[in-house]
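S.K.: My structure is stored as run_3.csv, with CSV, C-alpha atoms.
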chain,number,residue,atom,x,y,z
K,1,MET,CA,-11.9,12.6,-19.7
K,2,PHE,CA,-10.1,9.2,-19.5
K,3,LEU,CA,-6.9,10.7,-20.8
K,4,ALA,CA,-7.2,13.8,-18.6
K,5,THR,CA,-7.6,11.6,-15.5
K,6,VAL,CA,-4.6,9.4,-16.4
K,7,ALA,CA,-2.5,12.5,-17.1
K,8,GLY,CA,-3.6,14.2,-13.9
K,9,GLY,CA,-2.8,11.0,-12.0
K,10,LEU,CA,0.6,10.6,-13.5
K,11,SER,CA,1.5,14.3,-12.9
K,12,SER,CA,0.7,13.7,-9.2
K,13,LEU,CA,3.9,11.7,-9.1
K,14,ALA,CA,5.5,15.2,-9.0
K,15,TRP,CA,3.1,17.0,-6.7
K,16,GLY,CA,1.1,14.3,-4.8
K,17,ARG,CA,3.2,14.0,-1.7
K,18,GLY,CA,3.3,17.8,-1.0
K,19,VAL,CA,-0.5,18.2,-1.4
K,20,TRP,CA,-1.2,15.1,0.6
K,21,GLY,CA,1.0,16.4,3.4
K,22,HIS,CA,-1.3,19.5,3.6
K,23,VAL,CA,-4.5,17.5,3.3
K,24,SER,CA,-3.6,14.9,5.9
K,25,SER,CA,-2.3,17.4,8.4
K,26,SER,CA,-5.6,19.3,8.2
K,27,LEU,CA,-7.7,16.2,8.7
K,28,PRO,CA,-8.5,14.7,12.1
K,29,SER,CA,-6.6,11.4,12.5
K,30,VAL,CA,-8.8,8.3,12.1
K,31,PRO,CA,-8.0,5.3,14.2
K,32,LEU,CA,-6.7,2.3,12.3
K,33,ILE,CA,-6.0,4.3,9.1
K,34,PRO,CA,-2.4,5.5,8.6
K,35,SER,CA,-3.2,9.0,7.4
K,36,GLY,CA,0.2,10.6,7.7
K,37,GLY,CA,1.1,7.8,10.0
K,38,TRP,CA,2.9,4.5,10.2
K,39,ARG,CA,3.0,1.6,7.8
K,40,ILE,CA,4.3,-1.6,9.2
K,41,TYR,CA,6.9,-3.2,7.1
K,42,THR,CA,8.2,-6.7,7.9
K,43,VAL,CA,10.2,-9.3,6.1
K,44,ALA,CA,9.6,-12.5,8.0
K,45,ASP,CA,6.6,-14.8,8.3
K,46,HIS,CA,6.2,-14.1,12.0
K,47,MET,CA,6.4,-10.9,14.0
K,48,PRO,CA,8.7,-11.4,17.0
K,49,THR,CA,7.0,-11.6,20.4
K,50,PHE,CA,8.4,-10.0,23.5
K,51,ASP,CA,8.4,-11.8,26.9
K,52,PRO,CA,10.0,-9.6,29.6
K,53,ALA,CA,10.9,-12.7,31.6
K,54,THR,CA,13.1,-14.3,29.0
K,55,TRP,CA,14.1,-11.4,26.8
K,56,LYS,CA,17.8,-10.6,26.5
K,57,LEU,CA,19.9,-8.1,24.6
K,58,GLU,CA,23.5,-9.1,23.9
K,59,VAL,CA,26.1,-6.5,23.3
K,60,GLY,CA,29.3,-8.0,22.1
K,61,GLY,CA,31.7,-8.6,19.3
K,62,LEU,CA,35.0,-6.6,19.3
K,63,VAL,CA,34.5,-5.1,22.8
K,64,GLU,CA,36.5,-5.2,26.0
K,65,GLN,CA,33.5,-5.9,28.2
K,66,PRO,CA,30.6,-7.8,26.6
K,67,MET,CA,27.2,-7.3,28.2
K,68,THR,CA,23.9,-9.2,28.4
K,69,LEU,CA,21.0,-7.0,29.4
K,70,ASP,CA,17.6,-8.1,30.5
K,71,TYR,CA,14.7,-5.7,30.1
K,72,ALA,CA,15.0,-4.2,33.6
K,73,ALA,CA,18.8,-3.7,33.1
K,74,LEU,CA,18.1,-1.9,29.8
K,75,ARG,CA,15.6,0.4,31.4
K,76,ALA,CA,18.0,1.1,34.2
K,77,LEU,CA,20.6,2.6,31.8
K,78,PRO,CA,20.7,6.5,31.5
K,79,VAL,CA,17.6,7.7,29.7
K,80,THR,CA,17.6,10.0,26.7
K,81,HIS,CA,14.8,11.5,24.6
K,82,GLU,CA,14.6,12.5,21.0
K,83,ILE,CA,11.7,14.1,19.1
K,84,ARG,CA,12.3,13.4,15.4
K,85,THR,CA,10.5,12.9,12.1
K,86,PHE,CA,10.7,9.4,10.8
K,87,HIS,CA,11.4,9.1,7.1
K,88,CYS,CA,10.6,6.0,5.1
K,89,VAL,CA,12.5,5.5,1.8
K,90,THR,CA,9.2,4.6,0.1
K,91,GLY,CA,8.0,8.2,0.6
K,92,TRP,CA,5.9,8.4,3.8
K,93,THR,CA,7.0,10.2,6.9
K,94,VAL,CA,5.7,10.5,10.5
K,95,ASN,CA,6.3,13.8,12.1
K,96,ASN,CA,7.6,14.4,15.6
K,97,VAL,CA,7.8,10.9,17.0
K,98,ARG,CA,8.8,11.0,20.6
K,99,TRP,CA,11.5,8.4,21.3
K,100,THR,CA,12.8,7.4,24.7
K,101,GLY,CA,15.7,5.0,25.2
K,102,VAL,CA,19.4,4.6,25.6
K,103,ARG,CA,22.0,6.6,23.6
K,104,LEU,CA,24.3,4.1,21.7
K,105,SER,CA,27.3,6.1,22.7
K,106,ASP,CA,26.4,5.7,26.3
K,107,LEU,CA,26.1,1.9,25.8
K,108,PHE,CA,29.5,1.9,24.1
K,109,GLU,CA,31.1,3.5,27.1
K,110,HIS,CA,30.1,0.4,29.1
K,111,VAL,CA,31.3,-2.2,26.6
K,112,ARG,CA,34.4,-0.3,25.3
K,113,PRO,CA,34.8,-1.1,21.6
K,114,GLN,CA,38.3,-2.4,20.6
K,115,PHE,CA,40.5,-0.3,18.3
K,116,ASP,CA,39.9,-2.5,15.2
K,117,ALA,CA,36.1,-2.1,15.5
K,118,GLN,CA,34.8,0.3,12.8
K,119,GLY,CA,31.3,-1.0,12.4
K,120,VAL,CA,28.3,-2.0,14.4
K,121,ARG,CA,25.9,-4.8,13.5
K,122,PHE,CA,22.3,-4.7,14.7
K,123,THR,CA,20.6,-8.1,14.5
K,124,SER,CA,16.8,-8.3,14.6
K,125,ALA,CA,14.8,-11.1,16.2
K,126,GLU,CA,13.0,-10.9,12.9
K,127,ILE,CA,15.2,-13.3,11.1
K,128,PRO,CA,17.0,-12.6,8.7
K,129,TYR,CA,16.8,-8.8,9.2
K,130,VAL,CA,20.1,-7.2,10.0
K,131,ASP,CA,21.7,-3.8,9.4
K,132,TYR,CA,25.0,-2.0,10.1
K,133,LEU,CA,26.2,1.5,10.9
K,134,THR,CA,29.8,2.6,11.0
K,135,LEU,CA,30.9,3.2,14.5
K,136,ARG,CA,31.2,6.9,13.7
K,137,GLN,CA,27.5,7.0,12.6
K,138,ALA,CA,26.4,4.9,15.6
K,139,ARG,CA,28.2,7.4,18.0
K,140,LEU,CA,26.2,10.4,16.7
K,141,SER,CA,24.4,11.8,19.7
K,142,ASP,CA,20.9,11.3,18.4
K,143,VAL,CA,21.2,7.5,17.7
K,144,LEU,CA,19.2,5.5,20.3
K,145,LEU,CA,18.1,2.1,21.2
K,146,ALA,CA,14.5,3.2,21.9
K,147,TYR,CA,12.1,1.3,24.2
K,148,GLU,CA,9.3,3.9,24.3
K,149,MET,CA,7.5,5.6,21.5
K,150,ASP,CA,5.2,8.6,22.1
K,151,GLY,CA,5.3,8.0,25.8
K,152,LYS,CA,4.3,4.4,25.8
K,153,PRO,CA,6.3,1.1,25.7
K,154,LEU,CA,7.3,0.3,22.1
K,155,PRO,CA,4.4,-1.5,20.5
K,156,ARG,CA,5.0,-5.0,19.0
K,157,GLU,CA,4.7,-3.9,15.4
K,158,HIS,CA,7.3,-1.1,16.0
K,159,GLY,CA,9.9,-3.6,17.3
K,160,ALA,CA,9.0,-4.3,21.0
K,161,PRO,CA,10.8,-4.2,23.3
K,162,VAL,CA,13.6,-2.2,21.7
K,163,ARG,CA,14.5,-0.8,18.2
K,164,LEU,CA,17.3,1.2,16.8
K,165,VAL,CA,16.5,4.9,16.0
K,166,MET,CA,18.9,6.5,13.5
K,167,PRO,CA,16.9,9.7,12.7
K,168,GLU,CA,19.2,11.1,10.0
K,169,MET,CA,18.7,8.0,7.9
K,170,TYR,CA,15.8,6.3,6.2
K,171,GLY,CA,13.8,3.9,8.4
K,172,TYR,CA,15.2,0.6,7.1
K,173,LYS,CA,18.4,1.4,9.0
K,174,SER,CA,16.5,1.7,12.3
K,175,VAL,CA,16.3,-2.1,12.9
K,176,LYS,CA,13.3,-3.3,14.9
K,177,TRP,CA,13.2,-6.1,17.5
K,178,VAL,CA,17.0,-5.6,18.1
K,179,SER,CA,18.3,-8.8,19.8
K,180,ARG,CA,22.1,-8.3,19.4
K,181,VAL,CA,24.5,-5.4,19.0
K,182,ASP,CA,27.9,-6.4,17.8
K,183,LEU,CA,31.0,-4.4,17.2
K,184,VAL,CA,32.6,-5.6,13.9
K,185,PRO,CA,35.6,-4.7,11.8
K,186,GLN,CA,33.5,-2.7,9.4
K,187,ALA,CA,29.9,-1.9,8.3
K,188,GLU,CA,28.6,-4.3,5.6
K,189,ASP,CA,25.4,-4.6,3.6
K,190,GLY,CA,22.3,-5.2,5.6
K,191,TYR,CA,19.0,-6.8,4.5
K,192,TRP,CA,17.8,-4.0,2.2
K,193,GLU,CA,21.3,-3.0,1.1
K,194,GLN,CA,21.7,-6.5,-0.3
K,195,LEU,CA,18.5,-5.8,-2.4
K,196,GLY,CA,20.0,-2.6,-3.8
K,197,TYR,CA,19.4,0.1,-1.2
K,198,ASP,CA,22.2,2.5,-0.1
K,199,ARG,CA,24.4,1.6,2.9
K,200,ASP,CA,24.7,5.2,3.9
K,201,ALA,CA,21.0,6.0,3.9
K,202,TRP,CA,21.0,9.8,4.7
K,203,VAL,CA,17.6,11.3,4.4
K,204,GLY,CA,17.3,13.3,1.2
K,205,ARG,CA,20.8,12.4,0.1
K,206,SER,CA,20.7,8.7,-0.8
K,207,ASN,CA,18.6,6.1,-2.6
K,208,GLY,CA,18.1,8.2,-5.7
K,209,TYR,CA,16.6,11.2,-4.0
D,1,MET,CA,-54.7,-15.0,-15.7
D,2,ALA,CA,-53.3,-13.7,-19.0
D,3,THR,CA,-50.2,-11.7,-18.1
D,4,GLU,CA,-48.4,-10.1,-20.9
D,5,PRO,CA,-45.0,-11.7,-21.3
D,6,ARG,CA,-42.2,-9.4,-20.1
D,7,ARG,CA,-40.1,-7.9,-22.9
D,8,TYR,CA,-36.4,-7.4,-22.4
D,9,VAL,CA,-33.7,-5.3,-24.1
D,10,LEU,CA,-30.0,-6.0,-24.3
D,11,ARG,CA,-27.9,-3.6,-22.2
D,12,PHE,CA,-24.5,-5.2,-21.9
D,13,THR,CA,-22.7,-7.5,-24.3
D,14,ARG,CA,-21.0,-10.6,-23.0
D,15,THR,CA,-17.6,-8.9,-23.4
D,16,GLU,CA,-18.7,-6.0,-21.3
D,17,ARG,CA,-20.1,-8.3,-18.6
D,18,THR,CA,-17.0,-10.4,-18.5
D,19,LEU,CA,-14.8,-7.3,-18.2
D,20,HIS,CA,-17.1,-6.1,-15.3
D,21,TRP,CA,-16.9,-9.3,-13.3
D,22,ILE,CA,-13.1,-9.7,-13.8
D,23,ASN,CA,-12.7,-6.2,-12.7
D,24,ALA,CA,-15.0,-6.8,-9.6
D,25,THR,CA,-13.3,-10.0,-8.6
D,26,CYS,CA,-9.8,-8.7,-8.9
D,27,PHE,CA,-10.6,-5.4,-7.2
D,28,PHE,CA,-11.8,-7.2,-4.1
D,29,PHE,CA,-8.8,-9.5,-4.1
D,30,LEU,CA,-6.5,-6.6,-4.4
D,31,LEU,CA,-8.4,-4.6,-1.8
D,32,ALA,CA,-8.1,-7.4,0.7
D,33,THR,CA,-4.4,-8.1,0.1
D,34,GLY,CA,-3.7,-4.3,-0.1
D,35,LEU,CA,-5.4,-3.5,3.2
D,36,VAL,CA,-3.2,-6.1,4.9
D,37,LEU,CA,-0.2,-4.3,3.5
D,38,TYR,CA,-1.6,-0.9,4.4
D,39,LEU,CA,-3.3,-1.1,7.8
D,40,PRO,CA,-1.0,-1.5,10.9
D,41,ALA,CA,-3.7,-3.5,12.8
D,42,LEU,CA,-4.1,-6.1,10.0
D,43,SER,CA,-0.4,-6.4,9.4
D,44,ARG,CA,0.0,-7.5,13.0
D,45,VAL,CA,-2.6,-10.2,12.6
D,46,VAL,CA,-1.4,-11.6,9.3
D,47,ALA,CA,2.3,-10.7,9.6
D,48,ARG,CA,3.3,-12.5,6.4
D,49,ARG,CA,4.1,-9.3,4.5
D,50,GLU,CA,6.3,-10.8,1.8
D,51,LEU,CA,3.8,-13.4,0.8
D,52,ILE,CA,0.9,-10.9,0.8
D,53,LYS,CA,3.0,-8.5,-1.2
D,54,THR,CA,3.7,-11.1,-3.8
D,55,MET,CA,0.0,-12.1,-4.0
D,56,HIS,CA,-0.9,-8.4,-4.3
D,57,PHE,CA,1.6,-7.8,-7.1
D,58,TRP,CA,0.7,-10.8,-9.2
D,59,GLY,CA,-3.0,-10.2,-8.5
D,60,GLY,CA,-2.6,-6.7,-10.0
D,61,VAL,CA,-0.7,-8.1,-13.0
D,62,ALA,CA,-3.4,-10.7,-13.6
D,63,TRP,CA,-6.2,-8.1,-13.2
D,64,ILE,CA,-4.9,-5.8,-16.0
D,65,SER,CA,-3.7,-8.7,-18.2
D,66,LEU,CA,-7.1,-10.4,-18.1
D,67,LEU,CA,-8.9,-7.1,-18.9
D,68,VAL,CA,-6.7,-6.5,-21.9
D,69,LEU,CA,-7.0,-10.1,-23.0
D,70,VAL,CA,-10.8,-10.1,-22.9
D,71,ALA,CA,-11.0,-6.6,-24.5
D,72,VAL,CA,-8.8,-7.8,-27.4
D,73,LEU,CA,-10.4,-11.2,-27.9
D,74,GLY,CA,-14.0,-10.2,-27.2
D,75,ASN,CA,-16.4,-7.9,-29.0
D,76,THR,CA,-13.9,-5.1,-29.5
D,77,ARG,CA,-15.9,-3.2,-32.0
D,78,ARG,CA,-18.9,-2.8,-29.6
D,79,LEU,CA,-16.5,-2.0,-26.8
D,80,LEU,CA,-14.9,0.9,-28.7
D,81,GLN,CA,-18.4,2.1,-29.5
D,82,THR,CA,-19.2,1.9,-25.8
D,83,ALA,CA,-16.1,3.8,-25.0
D,84,ARG,CA,-17.1,6.6,-27.4
D,85,GLU,CA,-20.6,6.6,-25.9
D,86,LEU,CA,-19.1,7.0,-22.4
D,87,GLU,CA,-17.1,10.1,-23.4
D,88,THR,CA,-20.2,12.0,-24.5
D,89,PHE,CA,-22.0,13.2,-21.4
D,90,THR,CA,-25.6,12.7,-22.5
D,91,HIS,CA,-28.2,10.6,-20.8
D,92,ASP,CA,-28.9,7.7,-23.2
D,93,ARG,CA,-27.9,4.0,-22.5
D,94,PHE,CA,-26.2,5.4,-19.4
D,95,ASN,CA,-26.7,8.5,-17.3
D,96,VAL,CA,-23.8,10.9,-16.7
D,97,GLY,CA,-23.0,9.6,-13.3
D,98,GLN,CA,-22.6,6.1,-14.6
D,99,LYS,CA,-20.4,7.4,-17.4
D,100,ILE,CA,-18.1,9.3,-15.0
D,101,ASN,CA,-17.9,6.2,-12.8
D,102,ALA,CA,-16.9,4.0,-15.7
D,103,ILE,CA,-14.3,6.4,-17.1
D,104,LEU,CA,-12.8,7.0,-13.6
D,105,SER,CA,-12.7,3.2,-13.0
D,106,ALA,CA,-10.9,2.6,-16.3
D,107,ALA,CA,-8.4,5.5,-15.7
D,108,PHE,CA,-7.8,4.4,-12.1
D,109,ALA,CA,-7.0,0.8,-13.3
D,110,LEU,CA,-4.3,2.2,-15.5
D,111,LEU,CA,-3.0,4.5,-12.7
D,112,PHE,CA,-3.1,1.7,-10.1
D,113,LEU,CA,-1.0,-0.4,-12.6
D,114,VAL,CA,1.6,2.3,-13.2
D,115,SER,CA,2.0,3.3,-9.5
D,116,GLY,CA,2.0,-0.4,-8.5
D,117,LEU,CA,4.7,-1.3,-11.0
D,118,LEU,CA,6.7,1.8,-9.8
D,119,LEU,CA,6.4,0.6,-6.2
D,120,TRP,CA,7.5,-2.9,-7.1
D,121,PHE,CA,10.4,-1.9,-9.3
D,122,GLY,CA,11.3,1.1,-7.2
D,123,GLU,CA,12.1,-1.4,-4.4
D,124,ARG,CA,14.7,-2.9,-6.8
D,125,ASN,CA,16.1,0.1,-8.6
D,126,THR,CA,16.3,3.7,-7.5
D,127,ARG,CA,15.5,4.9,-11.1
D,128,PHE,CA,11.9,4.0,-10.5
D,129,ARG,CA,11.5,5.5,-7.1
D,130,PHE,CA,9.4,8.6,-6.6
D,131,ALA,CA,8.4,10.1,-3.3
D,132,SER,CA,4.8,10.4,-4.4
D,133,THR,CA,4.2,6.9,-5.8
D,134,VAL,CA,2.8,5.6,-2.6
D,135,THR,CA,0.6,8.7,-2.2
D,136,LEU,CA,-0.9,8.2,-5.6
D,137,HIS,CA,-1.6,4.5,-5.0
D,138,ASP,CA,-3.3,5.4,-1.7
D,139,ALA,CA,-5.3,8.3,-3.1
D,140,LEU,CA,-6.6,6.0,-5.9
D,141,LEU,CA,-7.7,3.5,-3.2
D,142,TYR,CA,-9.6,6.2,-1.3
D,143,VAL,CA,-11.4,7.6,-4.3
D,144,SER,CA,-12.1,4.1,-5.6
D,145,LEU,CA,-13.7,3.1,-2.3
D,146,VAL,CA,-16.1,6.1,-2.4
D,147,LEU,CA,-17.1,5.2,-6.0
D,148,LEU,CA,-17.5,1.5,-5.0
D,149,VAL,CA,-19.8,2.3,-2.1
D,150,GLY,CA,-22.0,4.4,-4.3
D,151,HIS,CA,-22.0,1.8,-7.0
D,152,LEU,CA,-22.9,-1.1,-4.7
D,153,TYR,CA,-25.7,0.9,-3.1
D,154,LEU,CA,-27.3,1.8,-6.5
D,155,ALA,CA,-26.7,-1.7,-7.9
D,156,ILE,CA,-27.8,-3.8,-5.0
D,157,ILE,CA,-29.9,-1.8,-2.4
D,158,HIS,CA,-31.6,1.2,-4.0
D,159,PRO,CA,-35.0,-0.2,-5.2
D,160,ALA,CA,-35.4,2.0,-8.3
D,161,THR,CA,-32.0,1.2,-9.8
D,162,ARG,CA,-31.1,-2.3,-8.6
D,163,HIS,CA,-32.8,-3.9,-11.6
D,164,ALA,CA,-29.7,-2.7,-13.5
D,165,LEU,CA,-27.9,-5.6,-11.8
D,166,ARG,CA,-29.8,-8.0,-14.1
D,167,GLY,CA,-28.2,-6.2,-17.1
D,168,MET,CA,-24.8,-6.9,-15.8
D,169,THR,CA,-25.5,-10.6,-14.9
D,170,ARG,CA,-27.7,-11.7,-17.8
D,171,GLY,CA,-27.2,-8.9,-20.3
D,172,SER,CA,-30.8,-7.7,-20.6
D,173,VAL,CA,-33.1,-5.5,-18.7
D,174,ARG,CA,-36.9,-5.1,-18.7
D,175,GLU,CA,-38.0,-2.9,-21.6
D,176,GLU,CA,-40.4,-0.8,-19.5
D,177,TRP,CA,-37.7,-0.2,-16.9
D,178,ALA,CA,-35.3,0.9,-19.6
D,179,ARG,CA,-37.9,3.2,-21.1
D,180,ARG,CA,-38.5,4.8,-17.7
D,181,HIS,CA,-34.9,5.2,-16.7
D,182,TYR,CA,-33.3,5.8,-20.1
D,183,PRO,CA,-35.9,7.4,-22.3
D,184,ASN,CA,-33.4,8.6,-24.9
D,185,TRP,CA,-31.7,5.2,-25.2
D,186,GLU,CA,-32.5,3.6,-28.6
D,187,ALA,CA,-32.8,0.2,-27.0
D,188,ALA,CA,-31.2,-2.8,-28.7
D,189,PRO,CA,-33.3,-5.7,-29.9
D,190,PRO,CA,-35.4,-7.6,-27.3
D,191,GLU,CA,-34.3,-10.9,-25.9
D,192,PRO,CA,-34.9,-13.4,-28.7
D,193,LEU,CA,-32.2,-11.6,-30.7
D,194,GLU,CA,-29.8,-11.4,-27.8
D,195,GLY,CA,-28.5,-14.8,-28.6
D,196,THR,CA,-27.6,-13.7,-32.1
D,197,THR,CA,-25.8,-10.6,-30.8
D,198,LYS,CA,-23.9,-12.8,-28.4
D,199,ALA,CA,-22.9,-15.2,-31.1
D,200,ALA,CA,-21.7,-12.4,-33.2
D,201,GLY,CA,-19.6,-11.2,-30.2
Spit out the file's structure as structure tokens when you get a sec.

M.R.:
Amino acid sequence: MFLATVAGGLSSLAWGRGVWGHVSSSLPSVPLIPSGGWRIYTVADHMPTFDPATWKLEVGGLVEQPMTLDYAALRALPVTHEIRTFHCVTGWTVNNVRWTGVRLSDLFEHVRPQFDAQGVRFTSAEIPYVDYLTLRQARLSDVLLAYEMDGKPLPREHGAPVRLVMPEMYGYKSVKWVSRVDLVPQAEDGYWEQLGYDRDAWVGRSNGY
Amino acid sequence: MATEPRRYVLRFTRTERTLHWINATCFFFLLATGLVLYLPALSRVVARRELIKTMHFWGGVAWISLLVLVAVLGNTRRLLQTARELETFTHDRFNVGQKINAILSAAFALLFLVSGLLLWFGERNTRFRFASTVTLHDALLYVSLVLLVGHLYLAIIHPATRHALRGMTRGSVREEWARRHYPNWEAAPPEPLEGTTKAAG
């Protein structure tokens, strides 16, 4: 029985996720327990705190018109919505997350990237987390700076007040607690890429999947 | 007031007891650190994910290493005998429920180790990354918790069975209790000989 249990457990590496998907979607969701839900991944000792009175978002680098937005100014920009499934590279997903925020391509129209800018750097208030997209990727119409999740202001552990949402890529690209957006000559390796993850983190087509 | 002295029989060797308490201690440590990594509400309170992750990983490595070390250095012969005993589903020194619990706990330890190592090394190399690793690790946790709750109830609360705890702390149990609960168990020598058995172990 020992060997059978071990063998069954190991074989679940092949079928576990699919079966769990069916089980968890048929169970009622229990508060506090992330059944088919979020896990909170952080890298620093402290989770950033959000104070609407002092918070600022800098948009700069290789742009014609740098901007500094406070929370009200961010919320005053044209609003967009996306309902997308969030994929973590470690294997969990959250279905149909409702994001509300600002389309990055709209933001770029305000700041006007210079010709030599080919990459965008997103700096988190959670130091030293940082990640990059190419300008082309960042301009895809479903890439947002999101300040609402499922109809409510972004909770602290999800990156309050604003996080990047890059739905086509694994979650580590969707930087939380964004404090700076800079146009740079080209995309480089972000926090997880320096630890061996792929820079182009397309869901299902990267990181060994 | 001439009360007959209580007679005791040996139920668990020192090696078995040591393994049990290493397992229990490490399980609770891994449960605590693991829950911080797993539950969003706790992760907000503690926040130091990298530190907790390191503690959880090395706690897991220590858990299995200590179990293997004690099993190899301890009374291995008796341990193998116990393992064979566990795999026959008859009611003798243990009942069938206890045997299933013990086998599952041992198998889960190995599966926890494998899935945990895959999570750790998968973070560093895509070759070790499987979409279902985290599912397996979580599922093991859920089933283990169910087993643990039942185990704690029977070992600490339920009046008829909680005397068994003495077997796991001191090695021996009352002979009349053993006769009543495990009539088919050919009980080992009573207490005076226990010291000899221990020394042999």

S.K.: Name the residues in contact with segment 118-120 of chain D at a cut-off of 12 Å, using only C-alpha atoms, excluding same-chain residues fewer than 2 positions from it; report them as a PyMOL selection string.

M.R.: (chain K and resi 10+13+89-91) or (chain D and resi 50+53-54+56-58+60-61+111-116+122-138)

S.K.: Take the residues that were just selected and, keeping C-alpha atoms, output them as a short mmCIF file (atom, residue, chain, number, x, y, z; two decimals), in the frame of the given file.

M.R.:
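Output saved as result.cif:
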data_model
loop_
_atom_site.label_atom_id
_atom_site.label_comp_id
_atom_site.auth_asym_id
_atom_site.auth_seq_id
_atom_site.Cartn_x
_atom_site.Cartn_y
_atom_site.Cartn_z
CA LEU K 10 0.60 10.60 -13.50
CA LEU K 13 3.90 11.70 -9.10
CA VAL K 89 12.50 5.50 1.80
CA THR K 90 9.20 4.60 0.10
CA GLY K 91 8.00 8.20 0.60
CA GLU D 50 6.30 -10.80 1.80
CA LYS D 53 3.00 -8.50 -1.20
CA THR D 54 3.70 -11.10 -3.80
CA HIS D 56 -0.90 -8.40 -4.30
CA PHE D 57 1.60 -7.80 -7.10
CA TRP D 58 0.70 -10.80 -9.20
CA GLY D 60 -2.60 -6.70 -10.00
CA VAL D 61 -0.70 -8.10 -13.00
CA LEU D 111 -3.00 4.50 -12.70
CA PHE D 112 -3.10 1.70 -10.10
CA LEU D 113 -1.00 -0.40 -12.60
CA VAL D 114 1.60 2.30 -13.20
CA SER D 115 2.00 3.30 -9.50
CA GLY D 116 2.00 -0.40 -8.50
CA GLY D 122 11.30 1.10 -7.20
CA GLU D 123 12.10 -1.40 -4.40
CA ARG D 124 14.70 -2.90 -6.80
CA ASN D 125 16.10 0.10 -8.60
CA THR D 126 16.30 3.70 -7.50
CA ARG D 127 15.50 4.90 -11.10
CA PHE D 128 11.90 4.00 -10.50
CA ARG D 129 11.50 5.50 -7.10
CA PHE D 130 9.40 8.60 -6.60
CA ALA D 131 8.40 10.10 -3.30
CA SER D 132 4.80 10.40 -4.40
CA THR D 133 4.20 6.90 -5.80
CA VAL D 134 2.80 5.60 -2.60
CA THR D 135 0.60 8.70 -2.20
CA LEU D 136 -0.90 8.20 -5.60
CA HIS D 137 -1.60 4.50 -5.00
CA ASP D 138 -3.30 5.40 -1.70
#

S.K.: Up to 10 Å from chain D, what residues of chain K turn up? Count all atoms listed in the file and give them as a ChimeraX atom specification.

M.R.: /K:1-21,31-35,37-48,88-92,156-158,192,195-198,206-209

S.K.: Could those residues be written to a file, using C-alpha atoms, as a CSV table (one decimal), keeping the file's coordinate frame?

M.R.:
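File written: result-v2.csv
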chain,number,residue,atom,x,y,z
K,1,MET,CA,-11.9,12.6,-19.7
K,2,PHE,CA,-10.1,9.2,-19.5
K,3,LEU,CA,-6.9,10.7,-20.8
K,4,ALA,CA,-7.2,13.8,-18.6
K,5,THR,CA,-7.6,11.6,-15.5
K,6,VAL,CA,-4.6,9.4,-16.4
K,7,ALA,CA,-2.5,12.5,-17.1
K,8,GLY,CA,-3.6,14.2,-13.9
K,9,GLY,CA,-2.8,11.0,-12.0
K,10,LEU,CA,0.6,10.6,-13.5
K,11,SER,CA,1.5,14.3,-12.9
K,12,SER,CA,0.7,13.7,-9.2
K,13,LEU,CA,3.9,11.7,-9.1
K,14,ALA,CA,5.5,15.2,-9.0
K,15,TRP,CA,3.1,17.0,-6.7
K,16,GLY,CA,1.1,14.3,-4.8
K,17,ARG,CA,3.2,14.0,-1.7
K,18,GLY,CA,3.3,17.8,-1.0
K,19,VAL,CA,-0.5,18.2,-1.4
K,20,TRP,CA,-1.2,15.1,0.6
K,21,GLY,CA,1.0,16.4,3.4
K,31,PRO,CA,-8.0,5.3,14.2
K,32,LEU,CA,-6.7,2.3,12.3
K,33,ILE,CA,-6.0,4.3,9.1
K,34,PRO,CA,-2.4,5.5,8.6
K,35,SER,CA,-3.2,9.0,7.4
K,37,GLY,CA,1.1,7.8,10.0
K,38,TRP,CA,2.9,4.5,10.2
K,39,ARG,CA,3.0,1.6,7.8
K,40,ILE,CA,4.3,-1.6,9.2
K,41,TYR,CA,6.9,-3.2,7.1
K,42,THR,CA,8.2,-6.7,7.9
K,43,VAL,CA,10.2,-9.3,6.1
K,44,ALA,CA,9.6,-12.5,8.0
K,45,ASP,CA,6.6,-14.8,8.3
K,46,HIS,CA,6.2,-14.1,12.0
K,47,MET,CA,6.4,-10.9,14.0
K,48,PRO,CA,8.7,-11.4,17.0
K,88,CYS,CA,10.6,6.0,5.1
K,89,VAL,CA,12.5,5.5,1.8
K,90,THR,CA,9.2,4.6,0.1
K,91,GLY,CA,8.0,8.2,0.6
K,92,TRP,CA,5.9,8.4,3.8
K,156,ARG,CA,5.0,-5.0,19.0
K,157,GLU,CA,4.7,-3.9,15.4
K,158,HIS,CA,7.3,-1.1,16.0
K,192,TRP,CA,17.8,-4.0,2.2
K,195,LEU,CA,18.5,-5.8,-2.4
K,196,GLY,CA,20.0,-2.6,-3.8
K,197,TYR,CA,19.4,0.1,-1.2
K,198,ASP,CA,22.2,2.5,-0.1
K,206,SER,CA,20.7,8.7,-0.8
K,207,ASN,CA,18.6,6.1,-2.6
K,208,GLY,CA,18.1,8.2,-5.7
K,209,TYR,CA,16.6,11.2,-4.0

S.K.: To one decimal place, how far is atom CA of Gly159 of chain K from atom CA of Pro185 of chain K in Å?

M.R.: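 Taking atom CA of Gly159 of chain K and atom CA of Pro185 of chain K, their separation equals 26.3 Å.
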
S.K.: What does the distance between atom CA of Pro78 of chain K and atom CA of Val175 of chain K come to in Å, to one decimal place?

M.R.: 21.0 Å

S.K.: Closest to Thr169 of chain D among D:His151, D:Thr13, D:Phe89, D:Phe27, using all atoms listed in the file?

M.R.: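 Nearest to Thr169 of chain D: D:Thr13.
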
S.K.: What's the separation between atom CA of Leu117 of chain D and atom CA of Thr85 of chain K, in Å to one decimal place?

M.R.: 27.7 Å
